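*Asks:* Below you will find the structure I want to go over with you.
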Number of protein chains: 2
Amino acid sequence: MDVKEAVEISKCLSNKTRMQIMEWLREPEKNFPPHVSIDHFDDGVCATYIFEKSRLSQSTISNYLTSMEKCGLLVMTRHGKWSYFKRNEAIITEFAKYLL
Amino acid sequence: MDVKEAVEISKCLSNKTRMQIMEWLREPEKNFPPHVSIDHFDDGVCATYIFEKSRLSQSTISNYLTSMEKCGLLVMTRHGKWSYFKRNEAIITEFAKYLL
DNA sequence: TACACATATCGATAATTGTCGATATTTGCA
DNA sequence: TGCAAATATCGACAATTATCGATATGTGTA
């Protein structure tokens, strides 16, 4: 990981809601209801649930999730009309090591 | 560590120069000359050296260092008219764990 | 005490980010 | 095929951050 990458990740984390999303996604079962169409959390959580929990607007959360995926913090998987997001543990570990 | 604290730390890290300062201070002997008045790096590096290496203005670096100390990333020690800054490894570790 | 050097603070302005509502796009289903 | 739900994008404006030069404050020394 280089400085630029680490700075982009830090930018994503430098906002309360985005930081909380990272926390929420650490334990999806505890923070979100089971999804209508899928009975597991293997691909994370549906964007709508994150949007509802956040209490911010849909467009804001869509932007957040996109930027978090762009910097590598999240992985997105599409299932039909739903987008699922989960933590990218590999890059989180890499980032943590980079700081030490 | 709580969300608020982690977000403040992230804000400090979300800037290239500040991120580099964290790197530079990981190995002071490799990145800075020995200081005129002290022959060790036990308390870190003199603010002037950081300012010179950064190529930003003195006021900007002074602000950076102050905010980095305020959020806990750096520890400042005064020796006469000089301020020395070093990494606060404890909080960095705590932050890294918080993310995982 | 007065000067010189190190650092901090102030005030300004440019640049970036936060956040929204409106609208566009994608996709499944009646 | 056409509507409805999920998500993405756009354009706008407010809020925050970046960064500077000027100046103030603190501190050691001639």
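In the structure tokens, chains take the letters A, B, ... in the order shown, each chain's residues start at 1, and ligands count up from 1 in the order shown.
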For chain C, list the residues within 12 Å of chain B, counting only C-alpha atoms (C1' of nucleotides), and write the list as a PyMOL selection string.
*Replies:* chain C and resi 4-10+16-17
*Asks:* Got a sec to tell me which of chain B DSSP assigns to strand (DSSP E or B), as a list in words?
*Replies:* Val45, Cys46, Leu74, Val75, Met76, Thr77, Arg78, His79, Trp82, Ser83, Tyr84, Phe85, Lys86 and Arg87 of chain B
*Asks:* What does the file look like for those residues with N, CA and C atoms, as a CSV table (one decimal), in the first residue's frame?
*Replies:*
chain,number,residue,atom,x,y,z
B,45,VAL,N,11.2,14.3,16.7
B,45,VAL,CA,11.9,15.3,15.8
B,45,VAL,C,11.5,16.7,16.0
B,46,CYS,N,12.4,17.6,15.9
B,46,CYS,CA,12.1,19.0,16.1
B,46,CYS,C,11.2,19.5,14.9
B,74,LEU,N,0.3,12.1,17.7
B,74,LEU,CA,1.7,12.5,18.1
B,74,LEU,C,1.7,12.9,19.5
B,75,VAL,N,3.0,12.8,20.0
B,75,VAL,CA,3.2,13.3,21.4
B,75,VAL,C,4.3,14.4,21.2
B,76,MET,N,4.0,15.5,21.9
B,76,MET,CA,4.9,16.6,21.8
B,76,MET,C,5.7,16.8,23.1
B,77,THR,N,7.0,17.1,23.0
B,77,THR,CA,7.8,17.4,24.2
B,77,THR,C,8.6,18.6,23.9
B,78,ARG,N,8.6,19.5,24.8
B,78,ARG,CA,9.3,20.8,24.7
B,78,ARG,C,10.7,20.7,25.3
B,79,HIS,N,11.7,21.2,24.6
B,79,HIS,CA,13.0,21.3,25.1
B,79,HIS,C,13.4,22.7,24.8
B,82,TRP,N,12.5,24.5,21.5
B,82,TRP,CA,12.2,23.6,20.5
B,82,TRP,C,11.0,22.6,20.9
B,83,SER,N,10.2,22.3,19.9
B,83,SER,CA,9.1,21.3,20.2
B,83,SER,C,9.5,20.1,19.4
B,84,TYR,N,9.5,19.0,20.1
B,84,TYR,CA,9.8,17.7,19.4
B,84,TYR,C,8.5,16.9,19.3
B,85,PHE,N,8.4,16.2,18.2
B,85,PHE,CA,7.2,15.4,18.0
B,85,PHE,C,7.6,13.9,17.7
B,86,LYS,N,6.9,13.0,18.3
B,86,LYS,CA,7.1,11.6,18.0
B,86,LYS,C,5.7,10.9,17.9
B,87,ARG,N,5.7,9.8,17.3
B,87,ARG,CA,4.5,9.0,17.1
B,87,ARG,C,4.0,8.4,18.5
*Asks:* Can you measure atom CA of B:Met19 to atom CA of B:Lys97 for me? One decimal in Å is fine.
*Replies:*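 A separation of 18.3 Å between them.
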*Asks:* Please identify all residues of chain D having at least one atom at most 10 Å from any atom of chain B, considering only C-alpha atoms (C1' of nucleotides), and return them as a ChimeraX atom specification.
*Replies:* /D:17-21,26-28
*Asks:* Next, dump the selected residues to file, keeping only C-alpha atoms (C1' of nucleotides), as a compact mmCIF listing (two decimals), in the first residue's frame.
*Replies:*
# COMPACT_ATOMS: atom_id res chain seq x y z
C1' DT D 17 -10.50 22.04 5.25
C1' DA D 18 -6.10 23.64 3.04
C1' DT D 19 -2.94 26.87 2.97
C1' DC D 20 -0.80 31.15 3.08
C1' DG D 21 1.40 35.57 4.88
C1' DG D 26 7.64 32.22 24.15
C1' DT D 27 12.49 31.29 25.24
C1' DG D 28 17.54 31.29 25.38
*Asks:* List the spatial neighbours of D:DC10 as a PyMOL selection string - criterion: any atom at most 10 Å away, only C-alpha atoms (C1' of nucleotides), same-chain residues fewer than 5 positions off excluded.
*Replies:* chain C and resi 22-24
*Asks:* Please check the contacts: residues of chain A at most 12 Å away from chain B, using only C-alpha atoms, listed as a PyMOL selection string.
*Replies:* chain A and resi 2-27+73+87-100
*Asks:* May I have the selected residues written with C-alpha atoms, as an mmCIF file, in the first residue's frame?
*Replies:*
data_model
loop_
_atom_site.group_PDB
_atom_site.id
_atom_site.type_symbol
_atom_site.label_atom_id
_atom_site.label_comp_id
_atom_site.auth_asym_id
_atom_site.auth_seq_id
_atom_site.Cartn_x
_atom_site.Cartn_y
_atom_site.Cartn_z
ATOM 1 C CA ASP A 2 1.317 3.451 -0.878
ATOM 2 C CA VAL A 3 0.633 6.868 0.611
ATOM 3 C CA LYS A 4 -1.973 7.809 -1.937
ATOM 4 C CA GLU A 5 -4.015 4.673 -1.367
ATOM 5 C CA ALA A 6 -3.791 5.066 2.400
ATOM 6 C CA VAL A 7 -4.904 8.679 2.183
ATOM 7 C CA GLU A 8 -7.942 7.742 0.085
ATOM 8 C CA ILE A 9 -8.922 5.127 2.639
ATOM 9 C CA SER A 10 -8.465 7.640 5.437
ATOM 10 C CA LYS A 11 -10.701 10.115 3.634
ATOM 11 C CA CYS A 12 -13.461 7.551 3.575
ATOM 12 C CA LEU A 13 -13.012 6.846 7.261
ATOM 13 C CA SER A 14 -12.968 10.521 8.213
ATOM 14 C CA ASN A 15 -16.738 10.755 8.428
ATOM 15 C CA LYS A 16 -18.906 9.470 11.243
ATOM 16 C CA THR A 17 -21.509 7.734 9.108
ATOM 17 C CA ARG A 18 -18.959 6.034 6.896
ATOM 18 C CA MET A 19 -16.992 4.888 9.908
ATOM 19 C CA GLN A 20 -20.207 3.475 11.366
ATOM 20 C CA ILE A 21 -20.976 1.644 8.154
ATOM 21 C CA MET A 22 -17.643 -0.121 8.556
ATOM 22 C CA GLU A 23 -18.670 -1.093 12.076
ATOM 23 C CA TRP A 24 -22.162 -2.179 11.115
ATOM 24 C CA LEU A 25 -20.778 -4.400 8.395
ATOM 25 C CA ARG A 26 -18.429 -6.109 10.796
ATOM 26 C CA GLU A 27 -21.455 -7.953 12.209
ATOM 27 C CA LEU A 73 -12.792 -0.632 1.801
ATOM 28 C CA ARG A 87 -16.085 -5.237 4.192
ATOM 29 C CA ASN A 88 -12.885 -5.954 2.334
ATOM 30 C CA GLU A 89 -10.998 -7.442 5.268
ATOM 31 C CA ALA A 90 -7.829 -7.866 3.225
ATOM 32 C CA ILE A 91 -7.407 -4.178 2.510
ATOM 33 C CA ILE A 92 -8.415 -3.201 6.020
ATOM 34 C CA THR A 93 -5.660 -5.407 7.391
ATOM 35 C CA GLU A 94 -3.221 -4.005 4.873
ATOM 36 C CA PHE A 95 -4.137 -0.459 5.871
ATOM 37 C CA ALA A 96 -3.782 -1.255 9.560
ATOM 38 C CA LYS A 97 -0.332 -2.703 8.970
ATOM 39 C CA TYR A 98 0.650 0.273 6.872
ATOM 40 C CA LEU A 99 0.017 2.575 9.809
ATOM 41 C CA LEU A 100 2.067 0.565 12.296
#
*Asks:* Give the helix (DSSP H, G or I) residues of chain B, as DSSP finds them on the backbone, and put them as a compact mmCIF listing (two decimals) with N, CA and C atoms, in the first residue's frame.
*Replies:*
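In the end it all went to result.txt:
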# COMPACT_ATOMS: atom_id res chain seq x y z
N VAL B 3 -16.16 5.91 18.05
CA VAL B 3 -16.26 6.40 16.67
C VAL B 3 -15.66 7.79 16.52
N LYS B 4 -16.04 8.67 17.41
CA LYS B 4 -15.61 10.07 17.30
C LYS B 4 -14.09 10.18 17.27
N GLU B 5 -13.45 9.50 18.19
CA GLU B 5 -12.00 9.51 18.28
C GLU B 5 -11.38 8.96 16.98
N ALA B 6 -11.94 7.85 16.51
CA ALA B 6 -11.41 7.22 15.30
C ALA B 6 -11.58 8.13 14.09
N VAL B 7 -12.69 8.86 14.05
CA VAL B 7 -12.92 9.77 12.92
C VAL B 7 -11.92 10.94 12.96
N GLU B 8 -11.65 11.44 14.14
CA GLU B 8 -10.67 12.53 14.26
C GLU B 8 -9.28 12.08 13.80
N ILE B 9 -8.92 10.88 14.17
CA ILE B 9 -7.64 10.33 13.73
C ILE B 9 -7.63 10.19 12.21
N SER B 10 -8.72 9.67 11.67
CA SER B 10 -8.81 9.51 10.22
C SER B 10 -8.69 10.84 9.50
N LYS B 11 -9.31 11.87 10.06
CA LYS B 11 -9.21 13.20 9.44
C LYS B 11 -7.75 13.63 9.34
N CYS B 12 -7.01 13.39 10.39
CA CYS B 12 -5.59 13.75 10.35
C CYS B 12 -4.84 12.96 9.29
N LEU B 13 -5.23 11.72 9.12
CA LEU B 13 -4.51 10.87 8.17
C LEU B 13 -4.97 11.09 6.73
N LYS B 16 -2.05 13.96 2.45
CA LYS B 16 -0.79 13.35 2.07
C LYS B 16 0.38 13.73 2.98
N THR B 17 0.51 15.03 3.21
CA THR B 17 1.63 15.48 4.03
C THR B 17 1.56 14.92 5.45
N ARG B 18 0.36 14.95 6.02
CA ARG B 18 0.25 14.45 7.40
C ARG B 18 0.52 12.95 7.46
N MET B 19 0.05 12.25 6.42
CA MET B 19 0.33 10.81 6.39
C MET B 19 1.84 10.58 6.28
N GLN B 20 2.51 11.41 5.48
CA GLN B 20 3.96 11.27 5.33
C GLN B 20 4.70 11.57 6.63
N ILE B 21 4.18 12.55 7.36
CA ILE B 21 4.82 12.86 8.64
C ILE B 21 4.80 11.63 9.53
N MET B 22 3.68 10.91 9.51
CA MET B 22 3.59 9.68 10.30
C MET B 22 4.65 8.68 9.85
N GLU B 23 4.88 8.62 8.55
CA GLU B 23 5.89 7.70 8.04
C GLU B 23 7.30 8.16 8.42
N TRP B 24 7.55 9.43 8.18
CA TRP B 24 8.88 9.97 8.50
C TRP B 24 9.24 9.69 9.96
N PRO B 28 12.98 8.17 12.48
CA PRO B 28 13.53 9.53 12.50
C PRO B 28 14.97 9.60 12.01
N GLU B 29 15.79 8.64 12.43
CA GLU B 29 17.23 8.69 12.06
C GLU B 29 17.42 8.63 10.55
N LYS B 30 16.51 7.93 9.87
CA LYS B 30 16.64 7.81 8.43
C LYS B 30 16.14 9.03 7.69
N ASN B 31 15.24 9.77 8.31
CA ASN B 31 14.58 10.86 7.59
C ASN B 31 14.98 12.27 8.00
N ALA B 47 10.21 20.35 15.32
CA ALA B 47 9.21 20.82 14.38
C ALA B 47 9.81 21.50 13.15
N THR B 48 10.89 22.19 13.34
CA THR B 48 11.52 22.90 12.22
C THR B 48 11.96 21.94 11.13
N TYR B 49 12.51 20.79 11.53
CA TYR B 49 12.96 19.81 10.54
C TYR B 49 11.79 19.24 9.75
N ILE B 50 10.70 19.03 10.44
CA ILE B 50 9.50 18.53 9.76
C ILE B 50 9.00 19.58 8.78
N PHE B 51 8.99 20.80 9.24
CA PHE B 51 8.57 21.92 8.39
C PHE B 51 9.45 22.01 7.14
N GLU B 52 10.76 21.92 7.33
CA GLU B 52 11.67 22.03 6.19
C GLU B 52 11.49 20.87 5.19
N LYS B 53 11.31 19.70 5.72
CA LYS B 53 11.17 18.53 4.84
C LYS B 53 9.85 18.58 4.06
N SER B 54 8.85 19.17 4.68
CA SER B 54 7.50 19.14 4.09
C SER B 54 7.33 20.07 2.89
N GLN B 58 5.44 27.33 7.37
CA GLN B 58 5.63 27.05 8.79
C GLN B 58 4.30 27.03 9.52
N SER B 59 3.40 27.95 9.19
CA SER B 59 2.12 27.99 9.89
C SER B 59 1.29 26.76 9.60
N THR B 60 1.33 26.31 8.36
CA THR B 60 0.58 25.11 8.00
C THR B 60 1.07 23.90 8.79
N ILE B 61 2.38 23.74 8.83
CA ILE B 61 2.94 22.59 9.56
C ILE B 61 2.68 22.70 11.06
N SER B 62 2.74 23.90 11.57
CA SER B 62 2.43 24.07 12.98
C SER B 62 1.00 23.63 13.26
N ASN B 63 0.09 24.02 12.37
CA ASN B 63 -1.31 23.58 12.52
C ASN B 63 -1.42 22.07 12.43
N TYR B 64 -0.78 21.49 11.45
CA TYR B 64 -0.81 20.04 11.28
C TYR B 64 -0.37 19.35 12.56
N LEU B 65 0.80 19.74 13.04
CA LEU B 65 1.37 19.07 14.20
C LEU B 65 0.47 19.22 15.42
N THR B 66 -0.10 20.41 15.56
CA THR B 66 -1.01 20.62 16.69
C THR B 66 -2.23 19.71 16.60
N SER B 67 -2.83 19.64 15.40
CA SER B 67 -4.03 18.81 15.26
C SER B 67 -3.69 17.33 15.42
N MET B 68 -2.51 16.94 14.97
CA MET B 68 -2.10 15.54 15.12
C MET B 68 -1.83 15.20 16.57
N GLU B 69 -1.39 16.18 17.32
CA GLU B 69 -1.19 15.94 18.74
C GLU B 69 -2.55 15.89 19.45
N LYS B 70 -3.44 16.80 19.04
CA LYS B 70 -4.75 16.88 19.68
C LYS B 70 -5.53 15.57 19.55
N GLU B 89 2.70 5.44 19.51
CA GLU B 89 2.48 4.07 19.02
C GLU B 89 1.25 3.42 19.66
N ALA B 90 1.01 3.75 20.92
CA ALA B 90 -0.12 3.12 21.62
C ALA B 90 -1.44 3.42 20.93
N ILE B 91 -1.66 4.70 20.59
CA ILE B 91 -2.94 5.05 19.99
C ILE B 91 -3.02 4.57 18.55
N ILE B 92 -1.89 4.49 17.88
CA ILE B 92 -1.88 3.97 16.51
C ILE B 92 -2.30 2.50 16.51
N THR B 93 -1.77 1.77 17.45
CA THR B 93 -2.15 0.36 17.58
C THR B 93 -3.63 0.22 17.91
N GLU B 94 -4.08 1.07 18.82
CA GLU B 94 -5.48 1.03 19.22
C GLU B 94 -6.38 1.32 18.01
N PHE B 95 -6.00 2.31 17.23
CA PHE B 95 -6.76 2.68 16.05
C PHE B 95 -6.80 1.52 15.05
N ALA B 96 -5.64 0.93 14.82
CA ALA B 96 -5.56 -0.20 13.89
C ALA B 96 -6.47 -1.34 14.34
N LYS B 97 -6.46 -1.63 15.62
CA LYS B 97 -7.33 -2.69 16.15
C LYS B 97 -8.80 -2.33 16.01
N TYR B 98 -9.09 -1.07 16.21
CA TYR B 98 -10.47 -0.60 16.12
C TYR B 98 -11.05 -0.87 14.73
N LEU B 99 -10.20 -0.75 13.72
CA LEU B 99 -10.68 -0.93 12.35
C LEU B 99 -10.93 -2.39 12.02
*Asks:* Rounded to one decimal, what separation in Å do you get between atom CA of A:Phe41 and atom C1' of C:DG28?
*Replies:*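 A separation of 21.5 Å between them.
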*Asks:* For C:DT19, which residue out of D:DA5, D:DA30, D:DA12, D:DA24 is the nearest one, using only C-alpha atoms (C1' of nucleotides)?
*Replies:*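 Ranked by minimum distance to C:DT19, first place goes to D:DA12.
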